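Text of the file my_file34.txt, holding compact mmCIF, C-alpha atoms:
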```txt
# COMPACT_ATOMS: atom_id res chain seq x y z
CA MET S 1 26.26 16.26 18.56
CA THR S 2 29.72 16.63 17.01
CA GLY S 3 33.13 15.13 16.62
CA ALA S 4 36.54 13.81 15.33
CA ARG S 5 38.81 14.39 12.33
CA THR S 6 37.61 12.85 9.10
CA ALA S 7 35.55 13.90 6.12
CA TRP S 8 31.86 14.53 6.84
CA CYS S 9 29.10 13.35 4.65
CA LEU S 10 31.07 13.92 1.42
CA LEU S 11 30.27 10.51 0.06
CA PRO S 12 27.08 10.08 -1.89
CA LEU S 13 25.66 6.76 -0.96
CA LEU S 14 23.56 5.02 -3.59
CA LEU S 15 21.36 2.19 -2.42
CA GLY S 16 20.73 -0.88 -4.63
CA LEU S 17 18.49 -0.37 -7.66
CA GLY S 18 15.84 -2.67 -8.91
CA THR S 19 12.96 -2.88 -11.31
CA VAL S 20 10.12 -5.24 -11.78
CA ALA S 21 9.44 -6.55 -15.27
CA GLU S 22 5.94 -7.59 -16.07
CA ALA S 23 4.58 -10.39 -18.16
CA GLN S 24 1.38 -10.02 -20.10
CA GLU S 25 -0.90 -12.98 -20.44
CA GLY S 26 -2.98 -13.77 -23.49
CA ALA S 27 -6.63 -14.71 -23.28
CA ASP S 28 -7.47 -18.36 -22.65
CA PRO S 29 -9.03 -20.12 -25.67
CA ALA S 30 -12.77 -20.62 -25.39
CA ALA S 31 -14.03 -24.19 -25.01
CA ALA S 32 -16.20 -25.50 -27.86
CA ALA S 33 -19.24 -27.75 -27.53
CA ALA S 34 -18.68 -31.36 -26.43
CA THR S 35 -19.32 -32.72 -29.94
CA GLU S 36 -16.99 -30.19 -31.59
CA PRO S 37 -13.16 -30.13 -31.55
CA GLU S 38 -11.52 -27.34 -29.44
CA ALA S 39 -10.64 -24.29 -31.50
CA ALA S 40 -8.46 -21.29 -30.69
CA PRO S 41 -10.23 -17.90 -30.86
CA SER S 42 -9.53 -15.75 -33.85
CA PRO S 43 -7.70 -12.43 -33.35
CA GLU S 44 -10.90 -10.59 -34.20
CA ASN S 45 -12.82 -12.30 -31.38
CA ALA S 46 -10.09 -12.13 -28.69
CA ALA S 47 -11.08 -9.78 -25.85
CA PRO S 48 -8.57 -6.91 -25.37
CA GLN S 49 -6.79 -6.76 -22.02
CA ALA S 50 -5.78 -3.61 -20.16
CA PRO S 51 -1.99 -3.35 -19.78
CA LYS S 52 -0.70 -4.09 -16.34
CA LYS S 53 0.86 -1.26 -14.33
CA LYS S 54 4.62 -1.43 -13.93
CA TRP S 55 6.59 -0.78 -10.78
CA GLU S 56 9.39 1.75 -11.02
CA PHE S 57 12.19 1.87 -8.45
CA ALA S 58 14.73 4.62 -7.85
CA THR S 59 17.52 5.34 -5.41
CA ILE S 60 18.65 8.76 -4.28
CA GLY S 61 22.11 9.24 -2.90
CA TYR S 62 22.84 12.64 -1.42
CA VAL S 63 25.51 14.77 0.21
CA PHE S 64 24.18 17.06 2.96
CA PHE S 65 26.62 19.88 3.79
CA ALA S 66 24.88 20.64 7.07
CA GLY S 67 25.71 22.59 10.16
CA ALA S 68 23.99 21.74 13.46
CA TYR S 69 22.40 24.26 15.81
CA GLY S 70 20.28 24.09 18.95
CA GLN S 71 20.68 22.42 22.34
CA THR S 72 20.74 18.97 23.86
CA LYS S 73 20.86 17.43 27.36
CA PRO S 74 21.10 13.77 28.42
CA ARG S 75 19.02 14.09 31.62
CA ASP S 76 18.18 16.21 34.64
CA PRO S 77 19.74 17.90 36.60
CA LEU S 78 22.49 18.45 34.00
CA SER S 79 22.55 21.72 32.10
CA PRO S 80 21.64 21.97 28.40
CA VAL S 81 24.55 22.05 25.96
CA ASP S 82 24.33 24.73 23.29
CA LEU S 83 25.29 23.61 19.78
CA HIS S 84 26.59 26.05 17.21
CA LEU S 85 28.38 23.97 14.61
CA SER S 86 29.08 25.26 11.13
CA PHE S 87 29.70 22.70 8.42
CA HIS S 88 33.43 23.32 8.91
CA ASP S 89 33.02 22.42 12.60
CA VAL S 90 31.05 19.30 11.66
CA LEU S 91 33.86 18.18 9.36
CA LYS S 92 36.30 18.41 12.25
CA SER S 93 33.86 16.57 14.53
CA PHE S 94 32.85 13.87 12.07
CA LYS S 95 33.31 10.17 12.83
CA PHE S 96 30.92 8.36 10.49
CA ALA S 97 27.74 8.94 8.46
CA PHE S 98 25.40 6.96 6.23
CA MET S 99 22.70 8.64 4.14
CA GLY S 100 20.43 7.52 1.34
CA ALA S 101 16.87 7.44 0.07
CA ALA S 102 14.72 5.18 -2.10
CA GLU S 103 11.45 5.45 -4.02
CA ALA S 104 8.94 2.98 -5.49
CA ARG S 105 5.98 3.92 -7.70
CA ASN S 106 3.20 2.06 -9.47
CA ASP S 107 0.93 4.35 -11.47
CA ARG S 108 -0.27 6.84 -8.82
CA LEU S 109 0.86 4.88 -5.76
CA VAL S 110 4.09 6.30 -4.31
CA PHE S 111 6.36 5.02 -1.53
CA LEU S 112 9.38 6.90 -0.15
CA GLY S 113 12.09 6.00 2.33
CA ASP S 114 15.01 7.96 3.79
CA LEU S 115 17.81 7.00 6.20
CA MET S 116 20.30 9.30 7.91
CA TRP S 117 22.77 8.02 10.55
CA VAL S 118 25.49 10.31 11.90
CA HIS S 119 28.19 9.87 14.55
CA LEU S 120 29.88 13.02 15.86
CA GLY S 121 32.26 13.53 18.75
CA GLU S 122 34.56 15.90 20.66
CA GLY S 123 33.71 19.33 21.95
CA LYS S 124 34.24 21.82 19.14
CA GLY S 125 31.49 24.42 19.02
CA LEU S 126 29.89 23.24 22.27
CA THR S 127 29.20 25.32 25.36
CA ALA S 128 27.26 24.56 28.54
CA ARG S 129 24.60 27.06 29.55
CA ASP S 130 25.67 26.94 33.20
CA ARG S 131 28.76 29.14 33.77
CA ASN S 132 30.15 26.57 36.19
CA PHE S 133 30.82 24.25 33.25
CA ALA S 134 33.82 25.65 31.44
CA ASP S 135 34.35 22.73 29.07
CA VAL S 136 31.97 20.19 27.53
CA HIS S 137 32.74 17.02 25.59
CA ILE S 138 29.92 15.24 23.75
CA ASP S 139 29.78 12.03 21.72
CA SER S 140 26.51 11.70 19.81
CA LYS S 141 24.97 9.12 17.47
CA THR S 142 21.73 10.13 15.75
CA LEU S 143 19.40 8.11 13.55
CA ALA S 144 16.40 9.20 11.48
CA VAL S 145 14.52 6.67 9.31
CA THR S 146 11.48 7.99 7.42
CA ALA S 147 8.96 5.70 5.66
CA LEU S 148 6.01 7.17 3.73
CA GLY S 149 3.29 5.98 1.39
CA GLY S 150 0.83 8.04 -0.61
CA TYR S 151 -0.96 8.97 -3.81
CA ARG S 152 -0.10 11.15 -6.80
CA VAL S 153 -3.03 13.55 -6.64
CA VAL S 154 -1.93 15.58 -9.68
CA ASP S 155 -0.71 13.39 -12.53
CA LYS S 156 -1.68 15.30 -15.66
CA GLY S 157 0.19 18.21 -17.13
CA PRO S 158 3.75 19.35 -16.45
CA VAL S 159 3.41 19.57 -12.63
CA VAL S 160 3.00 16.45 -10.46
CA VAL S 161 1.97 16.49 -6.79
CA ASP S 162 2.24 13.64 -4.27
CA LEU S 163 0.54 13.54 -0.85
CA LEU S 164 2.05 11.10 1.66
CA ALA S 165 1.82 9.94 5.25
CA GLY S 166 3.83 7.61 7.47
CA GLY S 167 6.33 7.81 10.28
CA ARG S 168 9.87 8.64 11.32
CA LEU S 169 11.94 6.47 13.65
CA ASN S 170 14.35 8.61 15.66
CA GLY S 171 17.26 7.44 17.76
CA ASN S 172 19.78 9.37 19.83
CA LYS S 173 22.63 8.01 21.90
CA GLN S 174 24.88 10.53 23.58
CA LYS S 175 27.46 10.87 26.32
CA VAL S 176 28.24 14.32 27.73
CA ASP S 177 31.16 15.20 30.00
CA TYR S 178 31.04 18.47 31.94
CA HIS S 179 34.39 19.76 33.25
CA GLY S 180 34.35 23.02 35.19
CA THR S 181 35.84 24.79 38.18
CA LEU S 182 33.00 23.67 40.46
CA VAL S 183 31.63 20.57 38.80
CA ASP S 184 33.10 17.51 37.08
CA VAL S 185 30.30 15.16 36.03
CA SER S 186 29.16 12.98 33.11
CA GLY S 187 25.79 11.90 31.78
CA SER S 188 24.68 9.47 29.08
CA VAL S 189 21.39 8.49 27.46
CA SER S 190 19.99 6.28 24.71
CA LYS S 191 16.52 7.14 23.40
CA THR S 192 14.29 5.88 20.57
CA TRP S 193 10.93 7.32 19.56
CA ILE S 194 8.53 7.38 16.59
CA ASP S 195 6.87 10.44 15.05
CA PRO S 196 3.81 10.39 12.79
CA VAL S 197 4.58 12.38 9.63
CA VAL S 198 2.59 13.89 6.76
CA ALA S 199 4.36 15.11 3.62
CA THR S 200 3.99 16.55 0.14
CA ARG S 201 6.23 16.44 -2.91
CA VAL S 202 5.99 18.63 -6.03
CA ALA S 203 7.97 18.44 -9.29
CA ALA S 204 7.82 20.90 -12.18
CA PRO S 205 9.78 21.34 -15.44
CA LEU S 206 11.93 24.37 -16.19
CA GLY S 207 12.44 23.58 -19.85
CA GLY S 208 14.69 21.16 -21.64
CA LYS S 209 16.38 18.77 -19.22
CA PHE S 210 15.99 21.06 -16.22
CA GLY S 211 13.37 20.89 -13.49
CA LEU S 212 12.48 21.89 -9.95
CA SER S 213 11.42 19.69 -7.04
CA PHE S 214 10.18 20.45 -3.54
CA TYR S 215 9.64 18.11 -0.60
CA GLY S 216 8.28 19.04 2.81
CA ASP S 217 7.07 17.11 5.85
CA ILE S 218 5.88 17.84 9.36
CA GLY S 219 5.22 15.51 12.27
CA GLY S 220 5.54 14.69 15.94
CA PHE S 221 2.48 16.64 17.10
CA GLY S 222 3.38 15.83 20.72
CA ILE S 223 2.99 12.07 20.15
CA GLY S 224 6.75 11.60 19.84
CA SER S 225 8.59 14.82 19.22
CA LYS S 226 6.97 18.06 20.17
CA LEU S 227 7.63 18.99 16.53
CA THR S 228 9.72 17.69 13.66
CA TRP S 229 9.77 19.10 10.15
CA GLN S 230 11.95 19.43 7.10
CA ALA S 231 11.97 21.15 3.72
CA ILE S 232 14.06 20.29 0.65
CA ALA S 233 14.19 22.33 -2.56
CA THR S 234 16.41 21.35 -5.51
CA ALA S 235 17.04 22.34 -9.12
CA ASN S 236 17.59 19.19 -11.20
CA TYR S 237 19.27 18.21 -14.45
CA GLN S 238 18.39 14.99 -16.28
CA ILE S 239 21.60 13.41 -17.56
CA ASN S 240 19.73 10.63 -19.39
CA HIS S 241 16.50 8.66 -19.00
CA LYS S 242 17.88 6.92 -15.89
CA MET S 243 20.01 9.47 -14.04
CA THR S 244 19.26 12.93 -12.62
CA VAL S 245 21.46 15.19 -10.50
CA GLY S 246 20.20 18.01 -8.33
CA ALA S 247 21.47 20.83 -6.13
CA GLY S 248 19.56 22.77 -3.51
CA TRP S 249 18.99 23.31 0.21
CA ARG S 250 17.72 21.19 3.11
CA TYR S 251 16.46 22.20 6.55
CA PHE S 252 15.70 19.48 9.10
CA GLN S 253 14.58 20.02 12.72
CA ILE S 254 13.67 17.77 15.65
CA ASN S 255 12.39 19.12 18.97
CA TYR S 256 12.00 16.31 21.53
CA HIS S 257 12.08 16.15 25.32
CA ASP S 258 10.75 13.72 27.92
CA ASN S 259 10.02 13.45 31.65
CA ASP S 260 13.53 12.22 32.44
CA GLY S 261 14.96 15.55 31.35
CA PHE S 262 16.34 14.33 28.02
CA LEU S 263 16.36 17.20 25.52
CA TYR S 264 17.12 17.17 21.81
CA ASP S 265 16.15 20.41 20.07
CA VAL S 266 18.44 20.58 17.06
CA HIS S 267 18.15 21.71 13.46
CA GLN S 268 20.46 20.96 10.57
CA SER S 269 20.66 23.29 7.62
CA GLY S 270 22.85 23.48 4.53
CA PRO S 271 23.35 22.82 0.79
CA LEU S 272 22.37 19.47 -0.68
CA ILE S 273 23.52 17.53 -3.76
CA THR S 274 21.39 14.60 -4.95
CA PHE S 275 21.99 11.71 -7.36
CA ARG S 276 18.80 9.92 -8.51
CA THR S 277 18.90 6.71 -10.55
CA ILE S 278 16.02 4.66 -11.95
CA LEU S 279 16.10 1.34 -13.76
```
Go ahead and express the file in the form of structure tokens.
Amino acid sequence: MTGARTAWCLLPLLLGLGTVAEAQEGADPAAAAATEPEAAPSPENAAPQAPKKKWEFATIGYVFFAGAYGQTKPRDPLSPVDLHLSFHDVLKSFKFAFMGAAEARNDRLVFLGDLMWVHLGEGKGLTARDRNFADVHIDSKTLAVTALGGYRVVDKGPVVVDLLAGGRLNGNKQKVDYHGTLVDVSGSVSKTWIDPVVATRVAAPLGGKFGLSFYGDIGGFGIGSKLTWQAIATANYQINHKMTVGAGWRYFQINYHDNDGFLYDVHQSGPLITFRTIL
């Protein structure tokens, strides 16, 4: 995966924000006897109603300063391509990226979504494992869409803990050109697969407007990928009651291969900046 000459994912992308306002209904007046006129209940006799739970929505834009490492192969009998791309290499290889996340919560119910789409090209930082292939050019488009739902199992006290489960839709479209002294061949592939995923999220205060958050998930289990997992840790600062910024580190790995010889065993690792907004 890598490519052309533009700026990499240095644009925080904020999705649309929304909130749901709630209306509270008063109690219906009680009906009087047929011979009596209808009368409204007095405040003393009105039955109290429990307040309705409100939905809260948030968007998280982020900048992922990631390198890419591992190996990929479009199909047999082509040789695997080794990837060793620093973030500087990724910047030179970058063509387009879109990243963003969203969250919805109602009391202890929590729903999370994340989207990452990256298009890289050219051959910087790429080598073929077979010595016959002196030069390799790859054009790669990768997609990862994660959707999770869960429950806030720890809601009291300064630390909150969410447990979640769902899935990740993965897509990879790549074209690889091998140019060597003995072989001149190309291969292309387009694959889509779904991984089951389980996750946890923890948030804790550091004092004042500062806090820590951790997110981790693991999935695949041989159903889709052999293994996919990621971990994100950030230190956060609350600008106001709606906006929070964070800085930390993210590691994201996918290890997938199939019977056609397609191989995608790549991890991305690097600093992360987040921008969270609620309304």
inquiry  = So that I can check the surroundings of Val183 of chain S, please list as a list in words every protein, DNA and RNA residue that reaches within 12 Å of it, counting only C-alpha atoms and ignoring chain neighbours fewer than 5 positions away.
reply    =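 So the residues in contact are Leu78, Ser79, Ala128, Asp130, Arg131, Asn132, Phe133, Ala134, Asp135, Val136, Asp177 and Tyr178 of chain S.
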Can you write out the residues you just picked, keeping C-alpha atoms, as a compact mmCIF listing (two decimals), in the frame of the given file?
```
# COMPACT_ATOMS: atom_id res chain seq x y z
CA LEU S 78 22.49 18.45 34.00
CA SER S 79 22.55 21.72 32.10
CA ALA S 128 27.26 24.56 28.54
CA ASP S 130 25.67 26.94 33.20
CA ARG S 131 28.76 29.14 33.77
CA ASN S 132 30.15 26.57 36.19
CA PHE S 133 30.82 24.25 33.25
CA ALA S 134 33.82 25.65 31.44
CA ASP S 135 34.35 22.73 29.07
CA VAL S 136 31.97 20.19 27.53
CA ASP S 177 31.16 15.20 30.00
CA TYR S 178 31.04 18.47 31.94
```
For this session: Excluding segment 234-236 of chain S and any residue of its chain fewer than 5 positions from it, enumerate the residues within 7 Å of it, using all atoms listed in the file, and give them as a VMD selection string.
Result: chain S and resid 210 to 214 244 to 249
| query | Which residue, S:Trp55, S:His257, S:Ala165, S:His137, has the smallest gap to Asp184 of chain S when you use all atoms listed in the file? | reply |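 Under the stated criterion, the closest residue is S:His137.
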ask   = Rounded to one decimal in Å, what is the spacing between atom CA of Tyr251 of chain S and atom CA of Leu164 of chain S?
value =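 These atoms are spaced 18.8 Å apart.
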As lines of an AutoDock Vina configuration file, what would the box around segment 184-193 of chain S look like: edges along x, y and z, 6 Å added on every side, centre and edge lengths in Å to one decimal?
```
center_x = 22.0
center_y = 11.7
center_z = 28.3
size_x = 34.2
size_y = 23.6
size_z = 29.5
```
Checklist entry - Could you pull the residues within 8 Å of Gln230 of chain S, counting only C-alpha atoms, minus those fewer than 4 positions along the same chain, as a ChimeraX atom specification? => result /S:216-218,250-253
Skip Ser190 of chain S itself and residues of its chain fewer than 6 positions away, then list as a ChimeraX atom specification all residues within 9 Å of it, counting only C-alpha atoms.
/S:74,171-175
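Reported to one decimal place, the separation of atom CA of Val90 of chain S from atom CA of Trp117 of chain S is 14.0 Å.
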Check your understanding: Of the residues S:Thr192, S:Thr127, S:Gly187, S:Leu182, which is the one nearest to Val145 of chain S, using all atoms listed in the file?
Key ->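 With all atoms listed in the file as the atom set, the closest residue is S:Thr192.
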Q. From the list S:Ala104, S:Gly157, S:His84, S:Met116, which residue is nearest Tyr62 of chain S when using all atoms listed in the file?
A.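 Selected residue with least distance to Tyr62 of chain S: S:Met116.
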Point-to-point distance in Å for atom CA of Gly100 of chain S and atom CA of Ile194 of chain S: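 If I compute the distance from atom CA of Ile194 of chain S to atom CA of Gly100 of chain S, I get 19.3 Å.
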